[in-house]
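**Student:** Here you go, model39.txt (compact mmCIF, C-alpha atoms and all ligand atoms):
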# COMPACT_ATOMS: atom_id res chain seq x y z
CA MET A 1 -21.17 36.87 -20.74
CA HIS A 2 -20.13 39.89 -18.69
CA SER A 3 -18.71 38.78 -15.37
CA ARG A 4 -21.51 40.45 -13.42
CA GLU A 5 -24.34 39.50 -15.72
CA LEU A 6 -27.11 37.46 -14.19
CA ALA A 7 -27.26 33.84 -15.31
CA ILE A 8 -30.65 33.76 -17.05
CA LEU A 9 -32.88 31.24 -15.33
CA GLY A 10 -34.65 28.90 -17.69
CA ALA A 11 -32.14 29.55 -20.47
CA ARG A 12 -30.05 26.76 -21.97
CA PRO A 13 -27.56 25.51 -19.34
CA ALA A 14 -23.90 26.41 -19.75
CA PHE A 15 -22.98 22.76 -20.29
CA ASP A 16 -25.04 20.62 -22.70
CA THR A 17 -23.47 17.46 -21.27
CA PRO A 18 -23.65 17.51 -17.47
CA ILE A 19 -20.39 17.91 -15.58
CA ARG A 20 -20.86 15.32 -12.88
CA PHE A 21 -19.21 15.10 -9.50
CA GLY A 22 -17.53 11.87 -8.45
CA VAL A 23 -17.47 10.20 -11.84
CA PRO A 24 -14.96 7.34 -11.73
CA ASN A 25 -11.71 8.17 -13.55
CA ASP A 26 -10.71 6.55 -16.81
CA PHE A 27 -8.58 3.44 -16.39
CA ASP A 28 -6.60 0.89 -18.34
CA GLN A 29 -9.25 -1.51 -19.61
CA VAL A 30 -6.73 -3.88 -21.24
CA THR A 31 -5.09 -4.67 -17.90
CA PHE A 32 -8.49 -5.00 -16.31
CA HIS A 33 -9.85 -7.49 -18.87
CA GLU A 34 -6.65 -9.55 -18.78
CA LEU A 35 -6.82 -9.86 -15.00
CA VAL A 36 -10.54 -10.62 -15.01
CA GLY A 37 -9.89 -13.34 -17.62
CA LYS A 38 -7.33 -14.95 -15.32
CA VAL A 39 -9.69 -14.85 -12.35
CA ILE A 40 -12.42 -16.48 -14.39
CA ASP A 41 -10.04 -19.13 -15.78
CA THR A 42 -8.68 -20.06 -12.34
CA LYS A 43 -12.08 -19.75 -10.64
CA ARG A 44 -10.42 -18.26 -7.58
CA PHE A 45 -12.87 -15.50 -6.68
CA THR A 46 -12.06 -14.58 -3.07
CA ASN A 47 -10.39 -15.59 0.24
CA ASP A 48 -6.95 -14.04 0.01
CA GLY A 49 -6.40 -14.88 -3.65
CA PRO A 50 -3.37 -13.90 -5.75
CA VAL A 51 -4.83 -10.74 -7.31
CA VAL A 52 -5.72 -9.31 -3.90
CA ARG A 53 -2.29 -10.30 -2.58
CA SER A 54 -0.46 -8.49 -5.40
CA PHE A 55 -2.78 -5.48 -5.01
CA GLU A 56 -1.85 -5.34 -1.32
CA GLU A 57 1.85 -5.41 -2.22
CA ARG A 58 1.47 -2.52 -4.65
CA VAL A 59 -0.56 -0.38 -2.25
CA GLY A 60 1.89 -1.08 0.59
CA ASP A 61 4.86 -0.14 -1.63
CA ILE A 62 3.26 3.10 -2.82
CA VAL A 63 2.71 4.40 0.71
CA GLY A 64 5.80 2.78 2.22
CA ALA A 65 3.91 0.61 4.71
CA LYS A 66 5.25 -2.65 6.07
CA HIS A 67 1.82 -4.28 5.93
CA CYS A 68 -1.25 -3.76 3.77
CA ILE A 69 -4.47 -5.68 4.34
CA ALA A 70 -7.10 -5.24 1.64
CA VAL A 71 -10.69 -5.08 2.85
CA SER A 72 -14.20 -4.89 1.42
CA ASN A 73 -14.46 -1.14 2.08
CA ALA A 74 -12.88 1.50 4.31
CA THR A 75 -15.74 1.44 6.83
CA ALA A 76 -15.16 -2.27 7.41
CA GLY A 77 -11.42 -1.59 7.74
CA LEU A 78 -12.05 0.95 10.52
CA GLN A 79 -14.37 -1.51 12.23
CA LEU A 80 -11.69 -4.22 12.21
CA LEU A 81 -9.23 -1.87 13.93
CA LEU A 82 -11.83 -0.89 16.52
CA MET A 83 -12.74 -4.55 17.15
CA THR A 84 -9.35 -5.04 18.81
CA ASP A 85 -10.74 -3.27 21.90
CA MET A 86 -13.50 -4.59 24.14
CA PRO A 87 -16.79 -2.76 23.32
CA GLY A 88 -17.86 0.27 25.32
CA ARG A 89 -14.75 2.43 24.97
CA ARG A 90 -14.76 6.12 24.07
CA PHE A 91 -13.03 7.17 20.85
CA ALA A 92 -12.52 10.80 19.80
CA VAL A 93 -13.74 11.45 16.26
CA PRO A 94 -13.89 14.67 14.22
CA GLY A 95 -17.20 16.52 14.06
CA PHE A 96 -16.65 17.24 10.37
CA THR A 97 -16.24 14.00 8.40
CA PHE A 98 -18.19 11.45 6.36
CA PRO A 99 -20.52 9.39 8.62
CA ALA A 100 -18.40 6.28 8.04
CA THR A 101 -15.82 7.53 10.56
CA PHE A 102 -18.13 7.69 13.57
CA GLU A 103 -20.57 5.00 12.45
CA ALA A 104 -17.66 2.53 12.41
CA VAL A 105 -17.05 3.40 16.06
CA ARG A 106 -20.72 2.89 16.93
CA ALA A 107 -21.09 -0.29 14.87
CA VAL A 108 -18.63 -2.22 17.01
CA GLY A 109 -20.09 -0.98 20.29
CA HIS A 110 -17.86 1.98 21.17
CA ARG A 111 -18.92 5.56 21.77
CA PRO A 112 -17.83 8.34 19.42
CA ILE A 113 -16.77 11.49 21.24
CA PHE A 114 -17.30 14.25 18.71
CA THR A 115 -14.43 16.69 18.69
CA ASP A 116 -14.32 19.98 16.84
CA VAL A 117 -11.99 20.57 13.90
CA GLU A 118 -9.46 23.23 12.98
CA PRO A 119 -10.95 26.02 10.85
CA PHE A 120 -8.25 26.03 8.19
CA THR A 121 -7.17 22.38 7.88
CA HIS A 122 -10.70 20.99 8.56
CA ASN A 123 -8.99 18.19 10.52
CA ILE A 124 -9.58 17.23 14.16
CA ASP A 125 -8.20 19.84 16.55
CA PRO A 126 -5.67 18.05 18.81
CA SER A 127 -6.14 20.67 21.55
CA LYS A 128 -9.83 19.71 21.81
CA ILE A 129 -9.30 15.96 22.28
CA ASP A 130 -10.74 14.85 25.63
CA ALA A 131 -7.90 13.58 27.81
CA THR A 132 -9.97 10.61 29.01
CA VAL A 133 -10.72 8.94 25.66
CA ARG A 134 -9.43 5.45 24.99
CA GLY A 135 -8.32 6.29 21.46
CA VAL A 136 -8.74 8.53 18.44
CA VAL A 137 -10.10 7.93 14.96
CA ALA A 138 -8.97 11.03 13.07
CA THR A 139 -9.76 11.74 9.42
CA ASN A 140 -7.12 12.97 6.99
CA LEU A 141 -9.83 15.04 5.36
CA TRP A 142 -9.53 15.96 1.68
CA GLY A 143 -6.20 14.04 1.77
CA ARG A 144 -4.57 16.62 4.03
CA ILE A 145 -2.71 14.92 6.85
CA CYS A 146 -3.64 15.68 10.48
CA GLN A 147 -1.24 17.01 13.10
CA SER A 148 -0.45 13.45 14.10
CA GLU A 149 2.26 14.23 16.65
CA LEU A 150 -0.05 16.52 18.59
CA ILE A 151 -2.81 13.91 18.40
CA ARG A 152 -0.42 11.33 19.83
CA GLN A 153 0.46 13.73 22.65
CA ALA A 154 -3.24 14.22 23.35
CA CYS A 155 -3.98 10.49 23.45
CA ALA A 156 -1.52 7.71 24.20
CA GLY A 157 -4.09 5.01 23.31
CA PRO A 158 -4.78 3.74 19.78
CA ASN A 159 -4.42 6.43 17.10
CA TYR A 160 -6.24 5.29 13.99
CA TYR A 161 -6.64 7.35 10.84
CA ASP A 162 -9.53 7.36 8.43
CA SER A 163 -7.46 8.00 5.30
CA ALA A 164 -10.32 7.34 2.89
CA HIS A 165 -9.27 10.54 1.04
CA ALA A 166 -5.53 10.25 1.49
CA PHE A 167 -4.14 7.44 -0.63
CA GLY A 168 -1.15 8.41 -2.80
CA ARG A 169 2.54 9.23 -2.71
CA ASN A 170 4.60 11.94 -0.95
CA ARG A 171 3.49 11.21 2.56
CA VAL A 172 4.50 9.52 5.79
CA LEU A 173 2.23 6.99 7.48
CA VAL A 174 0.60 8.36 10.61
CA GLY A 175 -0.66 6.74 13.80
CA ASP A 176 -0.91 3.05 14.53
CA ALA A 177 -2.81 2.31 11.33
CA GLU A 178 -4.52 4.08 8.44
CA VAL A 179 -7.44 2.96 6.32
CA PHE A 180 -7.80 3.92 2.64
CA SER A 181 -11.00 3.79 0.60
CA PHE A 182 -11.12 2.46 -2.93
CA HIS A 183 -14.81 3.25 -3.38
CA ALA A 184 -16.07 4.10 -6.89
CA THR A 185 -15.87 7.84 -6.13
CA LYS A 186 -12.22 7.69 -5.06
CA PHE A 187 -9.43 8.44 -7.52
CA ILE A 188 -8.17 4.87 -7.29
CA SER A 189 -11.15 2.57 -7.24
CA CYS A 190 -12.05 -1.07 -6.77
CA GLY A 191 -15.76 -0.28 -7.16
CA GLU A 192 -16.00 -1.04 -3.46
CA GLY A 193 -12.82 -1.64 -1.50
CA GLY A 194 -10.36 -0.42 1.06
CA ALA A 195 -7.04 -1.20 2.71
CA ILE A 196 -5.55 -1.04 6.18
CA VAL A 197 -1.88 -0.10 6.32
CA THR A 198 0.34 -0.40 9.35
CA ASN A 199 3.95 -0.98 10.36
CA ASP A 200 2.87 -3.02 13.38
CA ASP A 201 3.43 -6.78 12.82
CA VAL A 202 1.00 -7.92 15.52
CA LEU A 203 -1.76 -5.56 14.46
CA ALA A 204 -1.35 -6.66 10.83
CA ARG A 205 -1.70 -10.33 11.73
CA THR A 206 -4.77 -9.57 13.83
CA MET A 207 -6.34 -7.61 10.94
CA ARG A 208 -5.87 -10.58 8.59
CA ARG A 209 -7.61 -12.82 11.11
CA LEU A 210 -10.48 -10.46 11.94
CA ARG A 211 -11.08 -9.91 8.23
CA ASN A 212 -11.65 -13.65 7.76
CA PHE A 213 -14.01 -14.73 10.60
CA GLY A 214 -11.14 -15.03 13.08
CA TYR A 215 -9.39 -17.83 11.24
CA GLY A 216 -5.71 -18.25 12.00
CA ASP A 217 -3.48 -20.60 10.06
CA GLY A 218 -5.11 -23.73 8.72
CA SER A 219 -8.76 -24.08 9.60
CA VAL A 220 -8.52 -23.09 13.24
CA VAL A 221 -10.55 -20.14 14.51
CA VAL A 222 -8.28 -18.27 16.92
CA THR A 223 -10.25 -15.09 17.61
CA HIS A 224 -13.57 -13.39 16.94
CA GLY A 225 -14.00 -11.86 13.50
CA THR A 226 -16.20 -10.97 10.59
CA ASN A 227 -16.17 -11.04 6.80
CA ALA A 228 -14.37 -8.00 5.39
CA LYS A 229 -12.49 -9.63 2.52
CA MET A 230 -11.88 -7.93 -0.79
CA PRO A 231 -13.01 -10.05 -3.77
CA GLU A 232 -10.53 -10.84 -6.56
CA LEU A 233 -12.63 -9.02 -9.18
CA SER A 234 -12.47 -5.80 -7.17
CA ALA A 235 -8.69 -6.09 -6.97
CA CYS A 236 -8.56 -6.42 -10.82
CA LEU A 237 -10.10 -2.95 -11.09
CA GLY A 238 -7.74 -1.65 -8.40
CA HIS A 239 -4.70 -2.90 -10.35
CA ALA A 240 -5.90 -1.24 -13.54
CA TYR A 241 -6.34 2.05 -11.70
CA LEU A 242 -2.92 1.80 -10.04
CA ASP A 243 -1.38 1.54 -13.53
CA ASN A 244 -2.85 4.98 -14.28
CA MET A 245 -2.34 6.52 -10.84
CA ASP A 246 0.33 9.09 -11.73
CA VAL A 247 -1.59 10.28 -14.78
CA ILE A 248 -4.78 10.72 -12.73
CA ILE A 249 -2.98 12.63 -9.97
CA GLU A 250 -1.33 14.92 -12.53
CA HIS A 251 -4.69 15.55 -14.20
CA ASN A 252 -6.32 16.38 -10.86
CA ARG A 253 -3.39 18.58 -9.83
CA ASN A 254 -3.68 20.57 -13.05
CA ASN A 255 -7.42 20.96 -12.52
CA TYR A 256 -6.83 22.10 -8.94
CA LEU A 257 -4.23 24.67 -10.10
CA GLU A 258 -6.59 25.87 -12.82
CA TYR A 259 -9.39 26.34 -10.28
CA GLY A 260 -6.88 28.25 -8.13
CA LYS A 261 -5.97 30.59 -11.00
CA ASN A 262 -9.56 31.34 -11.93
CA ILE A 263 -11.45 31.57 -8.65
CA GLY A 264 -11.16 35.02 -7.26
CA ASN A 265 -13.82 36.94 -5.47
CA PRO A 266 -14.21 37.89 -1.81
CA TYR A 267 -17.09 35.48 -1.18
CA VAL A 268 -15.52 32.27 -2.46
CA ARG A 269 -12.12 30.88 -1.55
CA LEU A 270 -10.42 27.75 -2.82
CA VAL A 271 -9.22 25.68 0.14
CA SER A 272 -5.48 25.23 -0.30
CA MET A 273 -4.20 21.68 -0.66
CA GLY A 274 -0.51 22.63 -0.42
CA ASP A 275 2.28 21.66 -2.78
CA SER A 276 2.82 17.98 -2.07
CA HIS A 277 -0.68 16.62 -1.77
CA PRO A 278 -1.01 12.85 -2.23
CA ASN A 279 -3.77 13.00 -4.85
CA TYR A 280 -5.74 16.28 -5.34
CA GLN A 281 -8.98 14.30 -5.68
CA TYR A 282 -11.07 16.87 -3.79
CA VAL A 283 -11.43 20.48 -4.88
CA VAL A 284 -12.99 22.30 -1.95
CA LEU A 285 -14.51 25.76 -1.84
CA ASP A 286 -15.11 27.83 1.25
CA VAL A 287 -18.18 29.88 0.35
CA ASN A 288 -19.86 32.68 2.26
CA ASP A 289 -22.65 30.84 4.11
CA GLU A 290 -25.38 33.12 2.78
CA ILE A 291 -24.43 32.21 -0.77
CA ARG A 292 -23.40 28.56 -0.58
CA ASP A 293 -26.79 26.92 -1.24
CA THR A 294 -27.68 29.43 -3.95
CA LEU A 295 -24.38 28.70 -5.66
CA TRP A 296 -24.96 24.95 -5.40
CA ALA A 297 -28.47 25.21 -6.91
CA ALA A 298 -27.48 27.70 -9.62
CA LEU A 299 -24.54 25.54 -10.71
CA ALA A 300 -26.90 22.55 -10.88
CA ARG A 301 -29.13 24.55 -13.25
CA GLU A 302 -26.06 25.10 -15.43
CA ASN A 303 -25.49 21.31 -15.44
CA VAL A 304 -22.59 21.40 -12.99
CA GLU A 305 -22.94 18.94 -10.11
CA THR A 306 -21.28 19.93 -6.84
CA LYS A 307 -21.49 18.39 -3.35
CA ARG A 308 -22.24 19.92 0.04
CA TYR A 309 -20.09 17.92 2.46
CA PHE A 310 -20.22 16.96 5.42
CA TYR A 311 -23.33 17.05 7.58
CA PRO A 312 -21.85 17.41 11.08
CA GLY A 313 -22.03 14.46 13.44
CA ALA A 314 -22.70 16.81 16.37
CA GLN A 315 -23.33 20.49 17.07
CA LEU A 316 -19.80 21.89 17.25
CA LEU A 317 -18.87 25.42 16.29
CA GLU A 318 -16.33 24.89 13.49
CA SER A 319 -17.83 21.63 12.21
CA ASP A 320 -21.22 23.29 11.84
CA ARG A 321 -19.68 26.38 10.23
CA LEU A 322 -17.79 24.26 7.70
CA TRP A 323 -20.92 22.27 6.82
CA ARG A 324 -22.67 25.55 5.95
CA ARG A 325 -19.75 26.88 3.85
CA THR A 326 -18.19 23.92 2.07
CA LEU A 327 -18.83 23.06 -1.57
CA CYS A 328 -16.87 20.40 -3.44
CA LEU A 329 -16.31 20.97 -7.14
CA PRO A 330 -16.06 18.38 -9.90
CA THR A 331 -12.67 17.09 -11.01
CA GLY A 332 -11.18 13.86 -12.32
CA THR A 333 -10.37 12.68 -15.82
CA SER A 334 -13.87 13.48 -17.13
CA VAL A 335 -13.34 17.18 -16.31
CA SER A 336 -10.99 19.17 -18.58
CA GLN A 337 -9.14 22.39 -17.80
CA SER A 338 -11.41 24.30 -20.14
CA ASP A 339 -14.40 22.88 -18.21
CA VAL A 340 -12.73 24.19 -15.05
CA ARG A 341 -12.35 27.68 -16.53
CA ARG A 342 -15.99 27.71 -17.59
CA ILE A 343 -17.11 26.54 -14.12
CA CYS A 344 -15.06 29.34 -12.51
CA GLU A 345 -16.66 31.87 -14.82
CA LEU A 346 -20.10 30.59 -13.78
CA ILE A 347 -19.17 30.77 -10.10
CA ASP A 348 -18.13 34.38 -10.55
CA ASN A 349 -21.32 35.28 -12.41
CA ILE A 350 -23.59 33.58 -9.90
CA VAL A 351 -21.87 35.05 -6.86
CA TRP A 352 -21.79 38.62 -8.19
CA SER A 353 -25.38 38.37 -9.37
CA TYR A 354 -26.37 37.34 -5.88
CA VAL A 355 -24.28 39.99 -4.18
CA ASP A 356 -25.59 42.70 -6.50
CA GLY A 357 -29.07 41.76 -5.38
CA CYS A 358 -30.18 40.38 -8.75
CA MET A 359 -31.27 37.09 -7.20
CA GLU A 360 -32.61 36.89 -3.67
CA GLY A 361 -30.90 39.89 -2.15
CA PHE A 362 -27.68 39.80 -0.22
CA LYS A 363 -28.55 40.25 3.41
CA GLY A 364 -25.34 41.60 4.71
CA CYS A 365 -21.63 41.38 4.70
CA LYS A 366 -20.61 38.18 6.42
CA CYS A 367 -17.79 37.58 3.98
CA PHE A 368 -15.03 35.26 5.23
CA ALA A 369 -12.45 37.91 4.34
CA THR A 370 -13.71 40.07 7.18
CA ARG A 371 -13.67 37.28 9.77
N1 LIG B 401 -14.30 8.01 5.50
C1 LIG B 401 -14.43 9.10 4.74
C2 LIG B 401 -13.83 10.38 5.21
C3 LIG B 401 -15.14 9.03 3.52
O1 LIG B 401 -15.29 10.13 2.77
C4 LIG B 401 -15.68 7.79 3.13
C5 LIG B 401 -16.42 7.68 1.90
C6 LIG B 401 -15.50 6.68 3.96
C7 LIG B 401 -14.79 6.83 5.15
C8 LIG B 401 -16.07 5.35 3.65
O2 LIG B 401 -15.39 4.72 2.64
P1 LIG B 401 -16.04 3.35 2.04
O3 LIG B 401 -16.50 2.53 3.24
O4 LIG B 401 -17.16 3.75 1.13
O5 LIG B 401 -14.89 2.69 1.34
C9 LIG B 401 -19.64 9.44 -1.59
C10 LIG B 401 -19.19 8.02 -1.48
O6 LIG B 401 -20.29 7.13 -1.61
C11 LIG B 401 -18.45 7.76 -0.22
O7 LIG B 401 -17.79 6.51 -0.35
C12 LIG B 401 -17.41 8.84 0.02
N2 LIG B 401 -16.73 8.72 1.25
C13 LIG B 401 -18.08 10.18 0.01
C14 LIG B 401 -17.12 11.30 0.21
O8 LIG B 401 -18.69 10.36 -1.25
P2 LIG B 401 -22.05 10.37 -1.55
O9 LIG B 401 -23.19 10.25 -0.62
O10 LIG B 401 -21.63 11.72 -1.99
O11 LIG B 401 -22.23 9.38 -2.80
P3 LIG B 401 -23.10 9.52 -4.10
O12 LIG B 401 -23.77 8.22 -4.29
O13 LIG B 401 -23.93 10.74 -4.05
O14 LIG B 401 -22.00 9.65 -5.25
C15 LIG B 401 -21.33 10.87 -5.54
C16 LIG B 401 -21.36 11.10 -7.05
O15 LIG B 401 -20.53 10.15 -7.68
C17 LIG B 401 -22.73 10.97 -7.67
O16 LIG B 401 -23.12 12.21 -8.14
C18 LIG B 401 -22.58 10.01 -8.84
C19 LIG B 401 -21.10 9.66 -8.88
N3 LIG B 401 -20.89 8.23 -8.98
C20 LIG B 401 -21.05 7.47 -7.84
C21 LIG B 401 -20.87 6.12 -7.89
C22 LIG B 401 -21.04 5.30 -6.65
C23 LIG B 401 -20.57 7.64 -10.17
O17 LIG B 401 -20.47 8.34 -11.21
N4 LIG B 401 -20.37 6.28 -10.23
C24 LIG B 401 -20.51 5.49 -9.14
O18 LIG B 401 -20.32 4.27 -9.23
O19 LIG B 401 -20.83 9.65 -0.87
Starting from the file, give its structure as structure tokens.
Ligand code: T4K
**Tutor:**
Amino acid sequence: MHSRELAILGARPAFDTPIRFGVPNDFDQVTFHELVGKVIDTKRFTNDGPVVRSFEERVGDIVGAKHCIAVSNATAGLQLLLMTDMPGRRFAVPGFTFPATFEAVRAVGHRPIFTDVEPFTHNIDPSKIDATVRGVVATNLWGRICQSELIRQACAGPNYYDSAHAFGRNRVLVGDAEVFSFHATKFISCGEGGAIVTNDDVLARTMRRLRNFGYGDGSVVVTHGTNAKMPELSACLGHAYLDNMDVIIEHNRNNYLEYGKNIGNPYVRLVSMGDSHPNYQYVVLDVNDEIRDTLWAALARENVETKRYFYPGAQLLESDRLWRRTLCLPTGTSVSQSDVRRICELIDNIVWSYVDGCMEGFKGCKCFATR
């Protein structure tokens, strides 16, 4: 198809088999079945069992953390960290993030103070952090690490990081603690799961207690707590994924580079992930806000699923702007480089068709390049 030809509505979609967003990556099923067999034989299903323990060791080693505490999901991990403060405190959170970040703050009785993000990194803007907050829960969005030193300068209280997107190698731990997500849509998955990592001995011990109803050693309850334990069966899946981690990252990196080579028009820009990204699991487009929803719907008609992240937690200039412009593209082991090239071709066709007025009429030039 000519690059400026209109995608014909109602015609056969470009992909017969849908290209889906967020499909779990392929993993080593042999390892998984072996581990599951052991769990079933020993009948040890939860409560700090050996598979979770060894999963914690591997995760801690990969990121170079002194302590790793596996949890039921990242949201619960954030809640455990926030439970170390008496309720009613104010925590700065980014305006542009998944709701888990600020809902964790609310769930344990604190108040999220929505703070705008930087236009190019999409991470919380340290210069906008209110000097009177008790602490910060920043998100390492898309796996890109925040300006942690500036955040520390802005707030001497607890600095926690929602690192749901940021598991992987080639990075330094930031803040007092970070929380990873191993949800089904993450590149390393436990189905549901997460992990808190920290170099702080006292905080680590507290997290282990809070995760298990406040139990200390033996059967003595020494503090308040909840149930945020990771089950053994979830850790089996996590181990199988860790075995394939480097292959998955390489696959995603190649897809990201391929998108970079093939996306090129003034209305759509690939958000740069840099050269030493921990995982490349998100491919993010910055799209002219007049076109974004048309592009999303037109790609869906071609059987390409994309995601419009993140509905802003509050009305803030950059957060709101990013919500109207961001589109996440499919990647992962189910998406090949030739799929990527075809998707880029479609993006080009759809955008130029729109701009040329073939679809709904382009209302004006608000292209990011002129900002
Ligand atoms: N902080 C941040 C910054 C986060 O992004 C997240 C989670 C969290 C914290 C919380 O982490 P956890 O507490 O969950 O550990 C998805 C995920 O559900 C969510 O976990 C994730 N962020 C977010 C970025 O993406 P949705 O609303 O887009 O999910 P959904 O159900 O539409 O799934 C996306 C696509 O994935 C679907 O098209 C189908 C596919 N999929 C999904 C699942 C669950 C599969 O193919 N298989 C599956 O099992 O939020």
**Student:** For each of A:Tyr259, A:Phe213, A:Phe45, A:Tyr311, take the minimum atom-to-atom distance to ligand LIG 401 (chain B), counting all atoms listed in the file, then give the residue where this is smallest.
**Tutor:**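 Of all the options, A:Tyr311 lies closest to ligand LIG 401 (chain B).
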**Student:** Could you give me, as an MDAnalysis selection string, the residues within 9 Å of Val63 in chain A, counting only C-alpha atoms and dropping anything in the same chain fewer than 3 positions from it?
**Tutor:** chainID A and resid 58:60 167:173 197
**Student:** For each of A:Met86, A:Val284, A:Ala240, A:Ile62, take the minimum atom-to-atom distance to ligand LIG 401 (chain B), counting all atoms listed in the file, then give the residue where this is smallest.
**Tutor:**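 Of all the options, A:Val284 lies closest to ligand LIG 401 (chain B).
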**Student:** Mind running chain A against ligand LIG 401 (chain B) at 8 Å and telling me each contacting residue's nearest atom pair with the distance in Å (one decimal), counting all atoms listed in the file, chain and number ascending, as a tab-separated table?
**Tutor:**
residue	atom	partner	partner_atom	distance
A:Arg20	CA	B:LIG401	O16	6.1
A:Phe21	CA	B:LIG401	O16	5.0
A:Gly22	CA	B:LIG401	O15	3.5
A:Val23	CA	B:LIG401	O17	3.6
A:Pro24	CA	B:LIG401	O17	5.6
A:Ser72	CA	B:LIG401	O5	7.6
A:Asn73	CA	B:LIG401	O5	3.9
A:Ala74	CA	B:LIG401	O5	3.8
A:Thr75	CA	B:LIG401	O3	3.8
A:Ala76	CA	B:LIG401	O3	6.5
A:Gly77	CA	B:LIG401	O3	7.9
A:Thr97	CA	B:LIG401	C2	5.4
A:Phe98	CA	B:LIG401	C2	4.6
A:Pro99	CA	B:LIG401	N1	7.1
A:Ala100	CA	B:LIG401	C7	4.7
A:Thr101	CA	B:LIG401	N1	5.3
A:Thr139	CA	B:LIG401	C2	6.0
A:Asn140	CA	B:LIG401	C2	7.4
A:Leu141	CA	B:LIG401	C2	6.1
A:Trp142	CA	B:LIG401	C2	7.9
A:Asp162	CA	B:LIG401	N1	5.6
A:Ser163	CA	B:LIG401	C2	6.8
A:Ala164	CA	B:LIG401	N1	4.8
A:His165	CA	B:LIG401	C2	6.2
A:Phe180	CA	B:LIG401	O5	7.3
A:Ser181	CA	B:LIG401	O5	4.1
A:Phe182	CA	B:LIG401	O5	5.7
A:His183	CA	B:LIG401	O5	4.8
A:Ala184	CA	B:LIG401	O18	4.9
A:Thr185	CA	B:LIG401	O15	5.4
A:Lys186	CA	B:LIG401	C12	7.4
A:Gly191	CA	B:LIG401	O18	6.8
A:Glu192	CA	B:LIG401	O5	6.2
A:Gly193	CA	B:LIG401	O5	5.6
A:Gly194	CA	B:LIG401	O5	5.5
A:Glu305	CA	B:LIG401	O16	7.0
A:Lys307	CA	B:LIG401	O10	6.8
A:Tyr309	CA	B:LIG401	C14	7.6
**Student:** With a distance cut-off of 10 Å and only C-alpha atoms, select the neighbouring residues of Arg342 in chain A, excluding the residue or stretch itself and same-chain residues fewer than 6 positions from it, and output the selection as a PDB file with C-alpha atoms, in the coordinates of the input.
**Tutor:**
ATOM      1  CA  ALA A  14     -23.900  26.410 -19.750  1.00  0.00           C
ATOM      2  CA  PHE A  15     -22.980  22.760 -20.290  1.00  0.00           C
ATOM      3  CA  TYR A 259      -9.390  26.340 -10.280  1.00  0.00           C
ATOM      4  CA  ASN A 262      -9.560  31.340 -11.930  1.00  0.00           C
ATOM      5  CA  SER A 336     -10.990  19.170 -18.580  1.00  0.00           C
ATOM      6  CA  ASP A 348     -18.130  34.380 -10.550  1.00  0.00           C
TER       7      ASP A 348
END
